[in-house]
Amino acid sequence: MSPRLSLLAALTLGLPCAAYELRHDSQGDVVAWQGHVDFVIDSKLAIQLDEPRTDGAIAAAIAVLDNATPTLVVRSHVADALPLGYRTDGSPNENGIVAITEDWPYDEKALAATVVTLNARTNLILDADIAINAERHHFRVVDSMPSNEQHGDVNDVQNTMTHELGHAVGLMHNADDPVVVMYPSAAPLEMSKRAYAQDDRAGLAALYSDSGVFVPDTKPVAIAGCSASGGGLTLIIAAVVLLFGTRRRHQEVVAVVAVLGAFAALADDARLPQVSQVEHATLATVVDRTTVRLPSNPGLFVTDLTLRVRDCVKGDCAASGTMIVRVPGGRLGDLEQVVDHQPVPPLSSTVLVTRERTASRPHVVTVDEPRRAELRRQIEAAGQPVPGSLAPQTSPPTRSPTR
Ligand SMILES: [Zn+2]
């Protein structure tokens, strides 16, 4: 039976119409675990979060997930976790739940990030690690806090983990309904998303119930032939090449090197950044993608996107030339790695690269036709000229055959 069943198949099979999104590989196939998945809760986590109830809160989130996935057994235990990612050099792999307390490498606003490695040929998820952003956010078990401390930017451990575990087993965001667990953002002190909503459960059932639609291939797993040494949680990358800072008048100039501590973030695919809120915005086309393993941790994939600039939409950026932006994830052989829910933009796609005044790294978001129209509206609303590359796409005129 073909594994290439999707939401469309779910609809044709008469399952309830849902807004949930399942994780796909770069070929558009739904991916999932098979049989069981075990998570290792890092033994340092409770200390790093300064919350002694952390392990119990995560175990509770694991139990909630296990209950929602009849054909997938989900378990956890506490131990020293290995570095993030998936290695193929003979090193052991596990599904770690860890805190990152400095040099958070992903979207700075994110409470956590889930790194999923899958086999794009068999459509099986092979590895999922959850990193909690303890550098920029505070985590507690909210209902165990004294009520006079329940204020400010405090995030509930179980509420956060229930969302990330959804990513770890194959759910993506549902931006249509703020009450579902897989909604892209959570409010401080929120606990309502410790339990999956009906839509989340429908997505999990599509993947992990007898009435679900997912049947993975059982072909042997081919491993990409990469090997490297090193390790550790340090995700610092030596340099990211960016165009920002290049003067407009130097339109032929190619790129300026800016040394950043981490990747460009792949912006949430459910939201287009508000151009009014960012300092720089550049529209570009992906002309090359090169994926490598991160030297400091070969379990992690990174992709250098070569972008041909089409327009400087806002700020002090060049209106032509090329730039290279390093983003997390990518594909090596049959293996594909996706951070949280953001696939690396495909070749020939149009992307918007933005940077906020206070952010240390840019965001990259794919601009499809609906977003092209939204971006056009944003720029028109700001009273600025609409760049040529944002002009409405007109279909070629129909011609009568000539003789
Ligand atoms: Zn998420």
# chains A, B, ... in the order shown; residues from 1 in each chain; ligands from 1
$ closest_atom_pairs --of "chain A" --to "ligand 1" --cutoff "8 Å" --atoms "only C-alpha atoms and all ligand atoms" --output "CSV"
residue,atom,partner,partner_atom_place_in_ligand_line,distance
A:Ala112,CA,ligand 1,1 (Zn),7.9
A:Ala113,CA,ligand 1,1 (Zn),7.2
A:His163,CA,ligand 1,1 (Zn),6.3
A:Glu164,CA,ligand 1,1 (Zn),6.2
A:His167,CA,ligand 1,1 (Zn),6.6
A:Met172,CA,ligand 1,1 (Zn),6.9
A:His173,CA,ligand 1,1 (Zn),6.0
A:Met182,CA,ligand 1,1 (Zn),6.4
A:Tyr183,CA,ligand 1,1 (Zn),7.2
A:Pro184,CA,ligand 1,1 (Zn),5.2
A:Ser185,CA,ligand 1,1 (Zn),7.2
A:Asp340,CA,ligand 1,1 (Zn),6.1
A:His341,CA,ligand 1,1 (Zn),6.6
$ residues_around --residues "Ala205 of chain A" --least-positions-apart "3" --cutoff "8 Å" --atoms "only C-alpha atoms" --output "JSON, numbers by chain"
{"A": [68, 69, 70, 201, 202, 208, 209, 211, 212]}
$ closest_residue --among "A:Thr358, A:Thr117, A:Asn123, A:Ser389" --to "His280 of chain A" --atoms "only C-alpha atoms"
A:Thr358
$ select_by_dssp --residues "segment 27-94 of chain A" --states "strand (DSSP E)" --output "PyMOL selection string"
chain A and resi 35-42+72-79
$ closest_residue --among "A:Arg371, A:Ala128, A:Leu189, A:Ser349" --to "Ser147 of chain A" --atoms "only C-alpha atoms"
A:Leu189
$ closest_atom_pairs --of "segment 283-389 of chain A" --to "segment 77-95 of chain A" --cutoff "8 Å" --atoms "only C-alpha atoms" --output "Markdown table"
| residue | atom | partner | partner_atom | distance |
| --- | --- | --- | --- | --- |
| A:Asn297 | CA | A:Pro83 | CA | 7.4 |
| A:Pro298 | CA | A:Arg87 | CA | 6.3 |
| A:Gly299 | CA | A:Gly85 | CA | 4.1 |
| A:Leu300 | CA | A:Gly85 | CA | 4.8 |
| A:Phe301 | CA | A:Gly85 | CA | 8.0 |
$ residues_around --residues "Gln27 of chain A" --least-positions-apart "4" --cutoff "12 Å" --atoms "only C-alpha atoms" --output "list of chain:residue names"
A:Arg4, A:Ser6, A:Arg23, A:Val31, A:Asn119, A:Ala120, A:Arg121, A:Thr122, A:Asn123, A:Arg331, A:Asp334, A:Glu336, A:Pro343, A:Pro346
$ closest_residue --among "A:His137, A:Glu149, A:Pro105, A:Gln158" --to "Val302 of chain A" --atoms "only C-alpha atoms"
A:Pro105
$ residues_around --residues "Pro345 of chain A" --least-positions-apart "4" --cutoff "8 Å" --atoms "only C-alpha atoms" --output "ChimeraX atom specification"
/A:286,349,351,365-366
$ atom_distance --atom1 "atom CA of Ser348 of chain A" --atom2 "atom CA of Ala391 of chain A"
17.5 Å
$ atom_distance --atom1 "atom CA of Leu45 of chain A" --atom2 "atom CA of Val292 of chain A"
29.0 Å
$ residues_around --residues "Glu190 of chain A" --least-positions-apart "5" --cutoff "8 Å" --atoms "only C-alpha atoms" --output "count of residues only"
3
$ residues_around --residues "Ala60 of chain A" --least-positions-apart "6" --cutoff "10 Å" --atoms "only C-alpha atoms" --output "list in words"
Thr54, Asp66, Gln158, Met161, Thr162, Arg194 and Ala195 of chain A
$ atom_distance --atom1 "atom CA of Gln337 of chain A" --atom2 "atom CA of Val115 of chain A"
6.9 Å
